[in-house]
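For reference, start00.txt (compact mmCIF, C-alpha atoms and all ligand atoms):
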```
# COMPACT_ATOMS: atom_id res chain seq x y z
CA VAL A 130 -10.05 16.69 -11.44
CA PHE A 131 -6.65 15.16 -10.61
CA ASN A 132 -6.97 13.54 -7.21
CA PHE A 133 -3.71 13.29 -5.24
CA SER A 134 -5.33 11.70 -2.18
CA ALA A 135 -3.23 9.28 -0.12
CA GLY A 136 -6.22 7.00 0.31
CA PRO A 137 -8.90 6.19 -0.34
CA ALA A 138 -7.29 7.20 -3.59
CA MET A 139 -8.24 7.58 -7.22
CA LEU A 140 -9.08 4.48 -9.24
CA PRO A 141 -8.57 4.12 -13.01
CA PRO A 142 -11.46 6.02 -14.66
CA ALA A 143 -12.04 3.09 -17.06
CA VAL A 144 -12.64 0.81 -14.08
CA LEU A 145 -15.14 3.21 -12.52
CA ARG A 146 -17.00 3.53 -15.82
CA GLN A 147 -17.26 -0.25 -16.15
CA ALA A 148 -18.46 -0.61 -12.55
CA GLN A 149 -21.03 2.12 -13.19
CA GLN A 150 -22.32 0.38 -16.30
CA GLU A 151 -22.58 -2.95 -14.49
CA LEU A 152 -24.05 -1.62 -11.28
CA LEU A 153 -27.72 -2.34 -11.97
CA ASN A 154 -27.38 -5.25 -14.34
CA TRP A 155 -24.28 -7.33 -13.81
CA GLN A 156 -23.79 -10.15 -16.35
CA ASN A 157 -27.44 -9.81 -17.38
CA SER A 158 -28.55 -10.98 -13.94
CA GLY A 159 -30.79 -7.97 -13.39
CA CYS A 160 -28.91 -7.26 -10.15
CA SER A 161 -25.59 -5.81 -9.11
CA VAL A 162 -22.63 -7.99 -8.19
CA MET A 163 -23.03 -6.97 -4.54
CA GLU A 164 -26.51 -8.51 -4.45
CA VAL A 165 -25.59 -12.05 -5.47
CA SER A 166 -24.44 -14.94 -3.29
CA HIS A 167 -20.71 -15.13 -2.71
CA ARG A 168 -21.01 -18.91 -3.07
CA GLY A 169 -22.85 -18.83 -6.40
CA ASP A 170 -20.99 -19.89 -9.57
CA GLU A 171 -21.09 -16.36 -10.99
CA PHE A 172 -19.37 -14.71 -8.05
CA MET A 173 -16.97 -17.62 -7.55
CA ALA A 174 -15.80 -17.10 -11.13
CA VAL A 175 -15.14 -13.40 -10.42
CA ALA A 176 -13.25 -14.26 -7.23
CA GLU A 177 -11.09 -16.89 -8.92
CA GLN A 178 -10.32 -14.67 -11.89
CA ALA A 179 -9.21 -11.86 -9.58
CA GLU A 180 -6.87 -14.21 -7.76
CA THR A 181 -5.49 -15.62 -11.04
CA ASP A 182 -4.84 -12.12 -12.36
CA LEU A 183 -3.16 -10.95 -9.16
CA ARG A 184 -0.98 -14.08 -9.18
CA GLN A 185 0.01 -13.30 -12.75
CA LEU A 186 0.69 -9.63 -12.05
CA MET A 187 2.88 -10.35 -9.02
CA GLN A 188 4.26 -13.70 -10.22
CA VAL A 189 3.07 -15.30 -6.98
CA PRO A 190 4.72 -18.73 -6.55
CA ASP A 191 2.49 -21.80 -6.07
CA ASN A 192 3.50 -22.26 -2.43
CA TYR A 193 1.79 -18.96 -1.51
CA HIS A 194 -1.89 -18.40 -0.73
CA VAL A 195 -3.69 -15.24 -1.78
CA LEU A 196 -6.41 -14.12 0.65
CA PHE A 197 -9.06 -11.47 0.05
CA THR A 198 -10.27 -10.46 3.46
CA HIS A 199 -11.44 -7.71 5.81
CA GLY A 200 -10.04 -4.94 7.94
CA GLY A 201 -7.82 -2.99 5.55
CA GLY A 202 -4.18 -2.62 6.51
CA ARG A 203 -4.49 -2.21 10.25
CA ALA A 204 -6.34 -5.49 10.85
CA HIS A 205 -3.12 -7.23 9.87
CA PHE A 206 -1.08 -5.33 12.44
CA ALA A 207 -2.96 -7.71 14.79
CA ALA A 208 -3.52 -10.67 12.48
CA VAL A 209 0.20 -11.11 11.75
CA PRO A 210 1.23 -11.60 15.41
CA LEU A 211 -1.90 -13.69 16.02
CA ASN A 212 -0.88 -15.99 13.16
CA LEU A 213 2.89 -16.12 13.52
CA SER A 214 3.77 -15.82 17.20
CA LYS A 215 3.18 -16.89 20.77
CA PRO A 216 3.02 -14.29 23.59
CA GLU A 217 6.62 -14.98 24.65
CA ASP A 218 8.03 -14.72 21.10
CA THR A 219 10.07 -11.78 19.83
CA SER A 220 8.91 -9.96 16.71
CA LEU A 221 11.50 -7.74 15.02
CA HIS A 222 10.53 -4.39 13.55
CA LEU A 223 11.95 -1.72 11.30
CA VAL A 224 10.36 1.66 12.00
CA SER A 225 10.63 3.95 9.01
CA GLY A 226 7.52 6.03 9.70
CA SER A 227 4.05 6.23 11.23
CA TRP A 228 2.60 2.98 9.95
CA SER A 229 5.48 0.70 10.86
CA LYS A 230 5.44 2.39 14.29
CA GLY A 231 1.72 1.58 14.60
CA ALA A 232 2.46 -2.05 13.78
CA VAL A 233 4.90 -2.21 16.73
CA SER A 234 2.27 -0.97 19.22
CA GLU A 235 -0.28 -3.48 18.02
CA ALA A 236 2.22 -6.37 18.03
CA GLY A 237 2.98 -5.46 21.68
CA LYS A 238 -0.49 -6.73 22.62
CA PHE A 239 0.37 -10.22 21.39
CA ASN A 240 4.15 -10.75 21.55
CA GLN A 241 7.44 -9.05 22.48
CA PRO A 242 8.30 -6.54 19.75
CA LYS A 243 11.88 -5.35 19.34
CA VAL A 244 12.75 -2.40 17.11
CA ILE A 245 16.03 -3.09 15.28
CA GLY A 246 16.10 -0.13 12.91
CA GLU A 247 14.66 3.39 12.90
CA LEU A 248 14.55 6.36 10.61
CA THR A 249 17.80 8.33 10.89
CA GLN A 250 19.34 11.35 9.22
CA LYS A 251 21.85 11.43 6.38
CA ASP A 252 23.05 14.77 5.00
CA GLY A 253 20.37 16.38 7.17
CA LEU A 254 17.59 14.41 5.47
CA ASP A 255 15.39 11.48 6.55
CA PHE A 256 17.11 8.21 5.77
CA MET A 257 16.49 4.53 6.47
CA GLN A 258 19.58 2.43 7.09
CA GLN A 259 19.58 -1.30 6.42
CA PRO A 260 20.19 -3.31 9.64
CA SER A 261 23.21 -5.60 9.63
CA ALA A 262 22.67 -9.38 9.58
CA GLU A 263 24.04 -9.56 13.18
CA GLU A 264 21.20 -7.35 14.43
CA ILE A 265 18.64 -9.90 13.29
CA ASP A 266 17.92 -12.39 16.05
CA GLN A 267 17.44 -15.75 14.32
CA ASP A 268 15.00 -16.91 17.03
CA ALA A 269 12.50 -14.15 16.23
CA ALA A 270 9.06 -15.16 14.99
CA TYR A 271 9.19 -12.69 12.10
CA LEU A 272 10.56 -9.34 10.94
CA HIS A 273 7.99 -6.68 10.08
CA PHE A 274 8.58 -3.60 7.94
CA CYS A 275 6.77 -1.14 5.71
CA PRO A 276 8.67 -0.58 2.42
CA ASN A 277 6.63 2.52 1.59
CA GLU A 278 5.51 4.85 4.37
CA THR A 279 2.43 6.65 3.14
CA VAL A 280 2.49 9.51 5.66
CA ASP A 281 6.22 10.19 5.68
CA GLY A 282 7.05 9.44 2.04
CA VAL A 283 9.98 7.21 3.03
CA ALA A 284 10.62 4.09 0.95
CA PHE A 285 13.43 1.60 0.54
CA ASP A 286 14.18 -1.14 -1.97
CA TRP A 287 16.51 -3.36 0.04
CA LEU A 288 15.32 -6.40 1.94
CA PRO A 289 16.67 -7.10 5.44
CA GLN A 290 19.22 -9.95 5.49
CA ALA A 291 17.00 -11.99 7.79
CA GLY A 292 18.17 -15.55 7.11
CA GLU A 293 15.38 -17.94 8.14
CA VAL A 294 13.29 -15.27 9.90
CA PRO A 295 10.13 -14.70 7.82
CA LEU A 296 9.85 -11.20 6.35
CA VAL A 297 6.45 -9.56 6.76
CA ALA A 298 5.79 -6.46 4.67
CA ASP A 299 2.99 -3.94 4.92
CA MET A 300 2.65 -3.00 1.24
CA SER A 301 -0.59 -1.04 1.61
CA SER A 302 0.71 1.92 -0.37
CA CYS A 303 3.13 0.26 -2.80
CA ILE A 304 1.66 -3.10 -3.79
CA LEU A 305 1.62 -3.50 -7.60
CA SER A 306 3.63 -0.30 -8.09
CA LYS A 307 6.77 -2.15 -9.25
CA PRO A 308 7.93 -5.76 -9.61
CA ILE A 309 8.99 -7.58 -6.43
CA ASP A 310 10.19 -11.11 -5.76
CA VAL A 311 7.35 -12.58 -3.67
CA SER A 312 9.44 -15.66 -2.82
CA ARG A 313 11.63 -13.51 -0.54
CA TYR A 314 8.71 -12.76 1.80
CA GLY A 315 6.78 -14.77 4.39
CA VAL A 316 3.70 -12.52 4.39
CA ILE A 317 2.76 -9.52 2.28
CA TYR A 318 -0.39 -7.64 3.21
CA ALA A 319 -2.08 -4.51 1.94
CA GLY A 320 -5.15 -2.44 2.61
CA ALA A 321 -6.75 -2.05 -0.81
CA GLN A 322 -7.56 1.65 -0.96
CA LYS A 323 -4.49 2.86 -2.85
CA ASN A 324 -3.50 0.58 -5.73
CA ILE A 325 -6.22 -2.08 -5.56
CA GLY A 326 -9.76 -0.88 -4.85
CA PRO A 327 -12.17 0.16 -2.10
CA SER A 328 -11.11 0.59 1.52
CA GLY A 329 -11.92 -2.17 3.99
CA LEU A 330 -10.62 -4.94 1.72
CA SER A 331 -7.25 -6.49 2.58
CA VAL A 332 -5.13 -8.63 0.30
CA VAL A 333 -2.77 -11.05 2.05
CA ILE A 334 -0.15 -13.21 0.36
CA VAL A 335 1.15 -15.84 2.76
CA ARG A 336 3.68 -18.63 2.35
CA ASP A 337 2.30 -22.13 2.84
CA ASP A 338 4.61 -23.21 5.67
CA LEU A 339 3.53 -20.23 7.82
CA LEU A 340 -0.06 -21.44 8.00
CA GLY A 341 -1.30 -23.42 11.00
CA ARG A 342 0.75 -21.48 13.58
CA ALA A 343 -2.17 -19.38 14.87
CA GLN A 344 -2.93 -19.44 18.59
CA LYS A 345 -6.03 -21.04 20.12
CA TYR A 346 -7.37 -17.55 20.89
CA THR A 347 -6.78 -16.21 17.35
CA PRO A 348 -10.22 -15.22 16.01
CA SER A 349 -11.13 -17.52 13.13
CA ILE A 350 -11.85 -14.53 10.91
CA PHE A 351 -8.16 -13.52 11.28
CA ASP A 352 -6.72 -17.03 11.01
CA TYR A 353 -4.82 -17.19 7.72
CA ASN A 354 -5.08 -20.98 7.71
CA GLU A 355 -8.88 -20.82 8.06
CA LEU A 356 -9.03 -18.23 5.28
CA ALA A 357 -6.74 -20.24 2.99
CA THR A 358 -8.72 -23.46 3.57
CA THR A 359 -12.03 -21.76 2.82
CA ARG A 360 -10.61 -19.78 -0.16
CA SER A 361 -11.37 -16.55 1.77
CA MET A 362 -15.00 -17.56 2.25
CA TYR A 363 -14.94 -18.39 5.97
CA ASN A 364 -17.57 -15.68 6.24
CA THR A 365 -19.14 -13.39 3.64
CA PRO A 366 -16.21 -11.64 2.01
CA PRO A 367 -16.37 -8.00 0.85
CA THR A 368 -17.75 -9.07 -2.51
CA PHE A 369 -18.11 -5.71 -4.25
CA SER A 370 -14.57 -4.73 -3.27
CA TRP A 371 -13.25 -8.07 -4.48
CA TYR A 372 -15.04 -7.59 -7.82
CA LEU A 373 -13.67 -4.06 -8.17
CA ALA A 374 -10.16 -5.26 -7.30
CA GLY A 375 -10.57 -7.78 -10.12
CA LEU A 376 -11.39 -4.96 -12.57
CA VAL A 377 -8.28 -3.07 -11.42
CA PHE A 378 -6.12 -6.18 -11.96
CA LYS A 379 -7.52 -6.56 -15.51
CA TRP A 380 -6.82 -2.88 -16.15
CA LEU A 381 -3.23 -3.33 -14.97
CA LEU A 382 -2.75 -6.37 -17.20
CA ASN A 383 -4.05 -4.35 -20.15
CA GLU A 384 -1.61 -1.56 -19.28
CA GLY A 385 1.24 -4.07 -19.68
CA GLY A 386 1.47 -5.38 -16.10
CA VAL A 387 3.57 -4.32 -13.16
CA ALA A 388 6.84 -3.77 -15.07
CA ALA A 389 5.09 -1.32 -17.40
CA ILE A 390 3.30 0.53 -14.60
CA ALA A 391 6.62 0.77 -12.72
CA LYS A 392 8.16 2.70 -15.63
CA HIS A 393 5.15 5.00 -15.68
CA ASN A 394 5.45 5.48 -11.88
CA GLU A 395 9.18 6.23 -12.12
CA ALA A 396 8.51 8.85 -14.81
CA LYS A 397 5.82 10.55 -12.71
CA ALA A 398 7.99 10.58 -9.58
CA ALA A 399 11.04 11.91 -11.49
CA CYS A 400 8.94 14.72 -12.95
CA LEU A 401 7.72 15.81 -9.50
CA TYR A 402 11.01 15.41 -7.58
CA ASN A 403 12.90 17.28 -10.31
CA ALA A 404 10.51 20.18 -9.96
CA ILE A 405 11.01 20.17 -6.17
CA ASP A 406 14.81 19.86 -6.37
CA GLN A 407 15.20 22.53 -9.04
CA SER A 408 13.53 25.16 -6.90
CA ASP A 409 14.39 26.87 -3.61
CA PHE A 410 10.72 27.56 -3.09
CA TYR A 411 9.89 23.84 -2.54
CA ARG A 412 11.78 21.31 -0.47
CA SER A 413 11.77 17.56 0.23
CA GLN A 414 12.84 16.33 3.67
CA ILE A 415 13.63 12.82 2.40
CA HIS A 416 17.05 11.65 1.31
CA PRO A 417 17.05 10.89 -2.45
CA GLU A 418 17.93 7.21 -1.74
CA CYS A 419 14.76 6.79 0.36
CA ARG A 420 12.16 8.72 -1.59
CA SER A 421 8.80 7.11 -2.25
CA ILE A 422 7.56 7.00 -5.83
CA MET A 423 3.97 6.75 -4.52
CA ASN A 424 3.71 9.45 -1.84
CA VAL A 425 5.64 12.68 -2.28
CA PRO A 426 5.53 15.02 0.73
CA PHE A 427 7.03 18.45 0.11
CA GLN A 428 7.20 21.76 1.94
CA LEU A 429 6.87 25.34 0.80
CA SER A 430 9.77 27.50 2.02
CA ASP A 431 7.15 29.87 3.45
CA PRO A 432 4.49 27.75 5.25
CA SER A 433 2.22 30.80 5.58
CA LEU A 434 1.48 30.25 1.85
CA ASP A 435 0.25 26.66 2.39
CA ASP A 436 -3.46 27.53 2.46
CA LEU A 437 -3.23 29.75 -0.60
CA PHE A 438 -1.35 27.00 -2.46
CA LEU A 439 -4.05 24.45 -1.61
CA THR A 440 -6.91 26.78 -2.56
CA GLN A 441 -5.41 27.81 -5.88
CA ALA A 442 -4.42 24.21 -6.72
CA ALA A 443 -7.98 23.06 -6.06
CA GLU A 444 -9.31 25.84 -8.33
CA GLN A 445 -7.27 24.21 -11.11
CA GLY A 446 -8.64 20.74 -10.36
CA LEU A 447 -5.58 19.57 -8.39
CA VAL A 448 -7.11 18.24 -5.18
CA ALA A 449 -6.19 16.48 -1.92
CA LEU A 450 -2.66 17.88 -1.75
CA LYS A 451 -2.65 18.77 1.95
CA GLY A 452 0.10 16.94 3.84
CA HIS A 453 -0.72 14.57 6.67
CA ARG A 454 -1.29 16.37 9.98
CA PHE A 455 1.85 14.68 11.47
CA VAL A 456 4.06 16.09 8.70
CA GLY A 457 2.40 19.29 7.49
CA GLY A 458 3.13 20.94 4.14
CA MET A 459 1.94 19.16 1.01
CA ARG A 460 1.76 15.56 -0.11
CA ALA A 461 1.07 14.38 -3.64
CA SER A 462 0.13 10.72 -3.77
CA ILE A 463 0.75 9.45 -7.26
CA TYR A 464 -0.46 5.86 -7.25
CA ASN A 465 -0.80 3.65 -10.33
CA ALA A 466 -4.02 5.32 -11.50
CA MET A 467 -2.54 8.85 -11.55
CA SER A 468 -1.58 9.87 -15.08
CA LEU A 469 1.68 11.55 -16.10
CA GLU A 470 -0.53 14.36 -17.37
CA GLY A 471 -1.85 14.86 -13.82
CA VAL A 472 1.68 15.15 -12.45
CA LYS A 473 2.71 17.54 -15.25
CA ARG A 474 -0.29 19.73 -14.47
CA LEU A 475 0.73 19.80 -10.82
CA VAL A 476 4.32 20.75 -11.73
CA GLU A 477 3.08 23.53 -14.04
CA PHE A 478 0.91 24.84 -11.24
CA MET A 479 3.82 24.70 -8.75
CA ARG A 480 6.06 26.68 -11.12
CA ASP A 481 3.36 29.21 -11.78
CA PHE A 482 2.62 29.59 -8.04
CA GLU A 483 6.34 30.12 -7.37
CA ARG A 484 6.53 32.82 -10.10
CA ARG A 485 3.62 34.66 -8.56
CA GLN A 486 4.50 34.24 -4.84
CA GLY A 487 8.25 33.49 -4.74
N1 LIG B 501 -0.35 0.69 6.41
C1 LIG B 501 -0.09 1.67 5.52
C2 LIG B 501 1.25 1.72 4.87
C3 LIG B 501 -1.08 2.61 5.21
O1 LIG B 501 -0.84 3.58 4.32
C4 LIG B 501 -2.34 2.53 5.84
C5 LIG B 501 -3.42 3.49 5.54
O2 LIG B 501 -3.30 4.41 4.82
C6 LIG B 501 -2.54 1.50 6.76
C7 LIG B 501 -1.54 0.60 7.02
C8 LIG B 501 -3.87 1.36 7.46
O3 LIG B 501 -4.82 0.94 6.56
P1 LIG B 501 -6.37 0.87 6.95
O4 LIG B 501 -6.82 2.26 7.21
O5 LIG B 501 -6.97 0.22 5.75
O6 LIG B 501 -6.47 0.00 8.16
```
Please re-express this file's structure in structure tokens.
Ligand code: PLP
Amino acid sequence: VFNFSAGPAMLPPAVLRQAQQELLNWQNSGCSVMEVSHRGDEFMAVAEQAETDLRQLMQVPDNYHVLFTHGGGRAHFAAVPLNLSKPEDTSLHLVSGSWSKGAVSEAGKFNQPKVIGELTQKDGLDFMQQPSAEEIDQDAAYLHFCPNETVDGVAFDWLPQAGEVPLVADMSSCILSKPIDVSRYGVIYAGAQKNIGPSGLSVVIVRDDLLGRAQKYTPSIFDYNELATTRSMYNTPPTFSWYLAGLVFKWLLNEGGVAAIAKHNEAKAACLYNAIDQSDFYRSQIHPECRSIMNVPFQLSDPSLDDLFLTQAAEQGLVALKGHRFVGGMRASIYNAMSLEGVKRLVEFMRDFERRQG
């Protein structure tokens, strides 16, 4: 089966096989990794190795902390304002889709959010325009954005010209998909269930000088300073998820790291978008400059064929292609673990479906 789910999404089969083998007898302990103390030497070694490997993969500078914590992506819609702002502070936001919009609502509980850029249209297609430097209020506590919108399939490569205002990026659906310069960001956070591991785990990368700004009422479990000081062991961390994330990081290193996986991702995305663009039967609503290489929503010219498309695709082992309920149509999520073969099989099926129904 080729699983195009947007998340929880497919993991590398080699990782799942290793986890299966180790489930009942991890490191000859006679137990699984989820049954041992998070403070024991064995688990601490797993935790440290995962952090070292992630640092290597993303070239994380030494003045950044890497946290493995709880609550997926959404927890950090709240944790970011609770760590970086006071109630009277302004937080700036770019809204390029559903998730960055959700982050604005949550921030509104803790500070004064201001939207300085929204999805617009260019050539009749969805497009995200970079805000000008003048639109970025230098007194703001931070600027939040989502470089890859999972639901809408909108992505952008540019970074806002924010001066001294810390950039905060929700990278839940694009982390580790291509190289980025971590030193340009204040905080990067991601729910794990796309390119890292099981849902519920969050990975946070936070610059040193942003720690210690949390409010008195910030729950300790969300306080990045508390988590950094305790090496993410303020409470019992999601140990199995952390272990599995570590296996995924090792897999990525063996695949040649983030630069290599980026080439693979570009090839998969090109294959799928070419198939969409070459046909009148399929259509993408996203401007080519803002198309995600992770989540590819597309529409059939005749939506009454949607159900038939999904049923016949599933019969061929191509599953979880139904678009998000906000967008409709189809969505193929092609995260790091999806093979080029999977995408080629989807494209073959699309062409065949068009021949039969078009
Ligand atoms: N941000 C983005 C970009 C997402 O894709 C998602 C979930 O898919 C979330 C946030 C929310 O993540 P979670 O469900 O782990 O809270």
At most 8 Å is the cut-off: for each residue in region 335-444 of chain A with any atom that close to an atom of region 212-232 of chain A, write down the nearest atom pair and the distance in Å rounded to one decimal, counting only C-alpha atoms, chain first then increasing number, as CSV.
```
residue,atom,partner,partner_atom,distance
A:Leu339,CA,A:Leu213,CA,7.1
A:Leu340,CA,A:Asn212,CA,7.5
A:Gly341,CA,A:Asn212,CA,7.7
A:Arg342,CA,A:Asn212,CA,5.7
A:Ala343,CA,A:Asn212,CA,4.0
A:Gln344,CA,A:Asn212,CA,6.8
A:Thr347,CA,A:Asn212,CA,7.2
A:Phe351,CA,A:Asn212,CA,7.9
A:Asp352,CA,A:Asn212,CA,6.3
A:Tyr353,CA,A:Asn212,CA,6.8
```
Export C-alpha atoms of the chosen residues as a short mmCIF file (atom, residue, chain, number, x, y, z; two decimals), in the coordinates of the input?
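Output saved as selection-v4.cif:
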```cif
data_model
loop_
_atom_site.label_atom_id
_atom_site.label_comp_id
_atom_site.auth_asym_id
_atom_site.auth_seq_id
_atom_site.Cartn_x
_atom_site.Cartn_y
_atom_site.Cartn_z
CA LEU A 339 3.53 -20.23 7.82
CA LEU A 340 -0.06 -21.44 8.00
CA GLY A 341 -1.30 -23.42 11.00
CA ARG A 342 0.75 -21.48 13.58
CA ALA A 343 -2.17 -19.38 14.87
CA GLN A 344 -2.93 -19.44 18.59
CA THR A 347 -6.78 -16.21 17.35
CA PHE A 351 -8.16 -13.52 11.28
CA ASP A 352 -6.72 -17.03 11.01
CA TYR A 353 -4.82 -17.19 7.72
#
```
**Asked** Please, what distance in Å, to one decimal, runs between CA of Phe197 (chain A) and CA of Arg360 (chain A)?
**Response** 8.5 Å
**Request:** Could I get the residue neighbourhood of ligand LIG 501 (chain B) at 10 Å, counting only C-alpha atoms and all ligand atoms, as a PyMOL selection string?
**Result:** chain A and resi 135-138+199-206+226-232+274-281+298-304+318-323+327-331+424
**Asked** Which residue gives the smallest distance to Gly253 (chain A) among A:Ser361, A:Asn465, A:Ser408, A:Gln414, with all atoms listed in the file counted?
**Response**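 For Gly253 (chain A), the nearest of the candidates is A:Gln414.
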**Prompt:** Which of these residues is nearest to Asn192 (chain A), using only C-alpha atoms: A:Lys251, A:Arg336, A:Lys238, A:Arg146?
**Reply:**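 With only C-alpha atoms as the atom set, the closest residue is A:Arg336.
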**Request:** Quote the spacing between CA of His453 (chain A) and CA of Met479 (chain A) in Å to one decimal place.
**Result:**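 Separating CA of His453 (chain A) from CA of Met479 (chain A) is a distance of 19.0 Å.
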**Prompt:** Do you have the CA of Gly326 (chain A)-CA of Tyr372 (chain A) distance handy?
**Reply:**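 Taking CA of Gly326 (chain A) and CA of Tyr372 (chain A), their separation equals 9.0 Å.
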**Request:** Could you give me, as a PyMOL selection string, the residues within 7 Å of Phe133 (chain A), counting all atoms listed in the file and dropping anything in the same chain fewer than 4 positions from it?
**Result:** chain A and resi 448-450+461-463
Residues just named, written with C-alpha atoms as a compact mmCIF listing (two decimals), in the frame of the given file:
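Below is the file part.txt, written as the result:
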```
# COMPACT_ATOMS: atom_id res chain seq x y z
CA VAL A 448 -7.11 18.24 -5.18
CA ALA A 449 -6.19 16.48 -1.92
CA LEU A 450 -2.66 17.88 -1.75
CA ALA A 461 1.07 14.38 -3.64
CA SER A 462 0.13 10.72 -3.77
CA ILE A 463 0.75 9.45 -7.26
```
Per-residue nearest contacts of region 255-357 of chain A to region 382-386 of chain A (10 Å; all atoms listed in the file) as JSON lines:
```
{"residue": "A:Leu305", "atom": "CA", "partner": "A:Gly386", "partner_atom": "CA", "distance": 8.7}
{"residue": "A:Ser306", "atom": "CA", "partner": "A:Gly386", "partner_atom": "CA", "distance": 9.7}
{"residue": "A:Lys307", "atom": "CA", "partner": "A:Gly386", "partner_atom": "CA", "distance": 9.2}
{"residue": "A:Pro308", "atom": "CA", "partner": "A:Gly386", "partner_atom": "CA", "distance": 9.2}
```
**Request:** Neighbourhood query: residues within 12 Å of (12.4, 7.5, 0.0), file coordinates, counting only C-alpha atoms; return as a PyMOL selection string.
**Result:** chain A and resi 225-226+248+254-258+275-287+398+402+413-426
**Message:** Please determine, counting all atoms listed in the file, which residue among A:Gly446, A:Gly471, A:Gly315, A:Pro367 has the shortest atom-to-atom distance to His194 (chain A).
**Reply:**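 That would be A:Gly315, the residue with the smallest distance to His194 (chain A).
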**Asked** Counting only C-alpha atoms, which of A:Leu296, A:Gln241, A:Met362, A:Pro289 gets nearest to Pro260 (chain A)?
**Response**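 For Pro260 (chain A), the nearest of the given residues is A:Pro289.
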Save region 253-271 of chain A of the structure in the block above to a file, with N, CA and C atoms included, as a PDB file, in the first residue's frame.
```pdb
ATOM      1  N   GLY A 253      -5.148  34.312 -10.834  1.00  0.00           N
ATOM      2  CA  GLY A 253      -6.320  33.498 -10.490  1.00  0.00           C
ATOM      3  C   GLY A 253      -6.002  32.299  -9.602  1.00  0.00           C
ATOM      4  N   LEU A 254      -4.771  32.262  -9.065  1.00  0.00           N
ATOM      5  CA  LEU A 254      -4.373  31.116  -8.241  1.00  0.00           C
ATOM      6  C   LEU A 254      -3.918  31.591  -6.855  1.00  0.00           C
ATOM      7  N   ASP A 255      -3.981  30.697  -5.864  1.00  0.00           N
ATOM      8  CA  ASP A 255      -3.590  31.058  -4.494  1.00  0.00           C
ATOM      9  C   ASP A 255      -2.106  31.402  -4.450  1.00  0.00           C
ATOM     10  N   PHE A 256      -1.806  32.516  -3.783  1.00  0.00           N
ATOM     11  CA  PHE A 256      -0.445  33.031  -3.799  1.00  0.00           C
ATOM     12  C   PHE A 256      -0.149  33.714  -2.472  1.00  0.00           C
ATOM     13  N   MET A 257       1.051  33.551  -1.978  1.00  0.00           N
ATOM     14  CA  MET A 257       1.446  34.209  -0.729  1.00  0.00           C
ATOM     15  C   MET A 257       2.539  35.222  -1.017  1.00  0.00           C
ATOM     16  N   GLN A 258       2.204  36.474  -0.751  1.00  0.00           N
ATOM     17  CA  GLN A 258       3.106  37.594  -1.024  1.00  0.00           C
ATOM     18  C   GLN A 258       3.970  37.877   0.207  1.00  0.00           C
ATOM     19  N   GLN A 259       5.229  38.153  -0.024  1.00  0.00           N
ATOM     20  CA  GLN A 259       6.122  38.493   1.091  1.00  0.00           C
ATOM     21  C   GLN A 259       5.789  39.900   1.604  1.00  0.00           C
ATOM     22  N   PRO A 260       5.660  40.087   2.950  1.00  0.00           N
ATOM     23  CA  PRO A 260       5.381  41.450   3.437  1.00  0.00           C
ATOM     24  C   PRO A 260       6.634  42.319   3.272  1.00  0.00           C
ATOM     25  N   SER A 261       6.423  43.615   3.142  1.00  0.00           N
ATOM     26  CA  SER A 261       7.589  44.495   3.030  1.00  0.00           C
ATOM     27  C   SER A 261       8.164  44.727   4.427  1.00  0.00           C
ATOM     28  N   ALA A 262       9.435  45.122   4.485  1.00  0.00           N
ATOM     29  CA  ALA A 262      10.096  45.343   5.782  1.00  0.00           C
ATOM     30  C   ALA A 262       9.331  46.388   6.598  1.00  0.00           C
ATOM     31  N   GLU A 263       8.719  47.399   5.915  1.00  0.00           N
ATOM     32  CA  GLU A 263       7.997  48.471   6.643  1.00  0.00           C
ATOM     33  C   GLU A 263       6.765  47.933   7.366  1.00  0.00           C
ATOM     34  N   GLU A 264       6.220  46.832   6.890  1.00  0.00           N
ATOM     35  CA  GLU A 264       5.009  46.281   7.530  1.00  0.00           C
ATOM     36  C   GLU A 264       5.345  45.537   8.832  1.00  0.00           C
ATOM     37  N   ILE A 265       6.625  45.374   9.107  1.00  0.00           N
ATOM     38  CA  ILE A 265       7.008  44.572  10.273  1.00  0.00           C
ATOM     39  C   ILE A 265       7.395  45.491  11.432  1.00  0.00           C
ATOM     40  N   ASP A 266       6.475  45.571  12.383  1.00  0.00           N
ATOM     41  CA  ASP A 266       6.627  46.430  13.549  1.00  0.00           C
ATOM     42  C   ASP A 266       7.774  45.901  14.418  1.00  0.00           C
ATOM     43  N   GLN A 267       8.823  46.712  14.553  1.00  0.00           N
ATOM     44  CA  GLN A 267      10.029  46.239  15.245  1.00  0.00           C
ATOM     45  C   GLN A 267       9.833  46.062  16.754  1.00  0.00           C
ATOM     46  N   ASP A 268       8.675  46.537  17.285  1.00  0.00           N
ATOM     47  CA  ASP A 268       8.408  46.326  18.717  1.00  0.00           C
ATOM     48  C   ASP A 268       7.679  45.011  18.988  1.00  0.00           C
ATOM     49  N   ALA A 269       7.330  44.294  17.932  1.00  0.00           N
ATOM     50  CA  ALA A 269       6.552  43.056  18.135  1.00  0.00           C
ATOM     51  C   ALA A 269       7.389  41.998  18.868  1.00  0.00           C
ATOM     52  N   ALA A 270       6.678  41.142  19.599  1.00  0.00           N
ATOM     53  CA  ALA A 270       7.375  40.105  20.382  1.00  0.00           C
ATOM     54  C   ALA A 270       7.960  39.031  19.466  1.00  0.00           C
ATOM     55  N   TYR A 271       7.265  38.737  18.376  1.00  0.00           N
ATOM     56  CA  TYR A 271       7.733  37.731  17.423  1.00  0.00           C
ATOM     57  C   TYR A 271       6.871  37.774  16.175  1.00  0.00           C
TER      58      TYR A 271
END
```
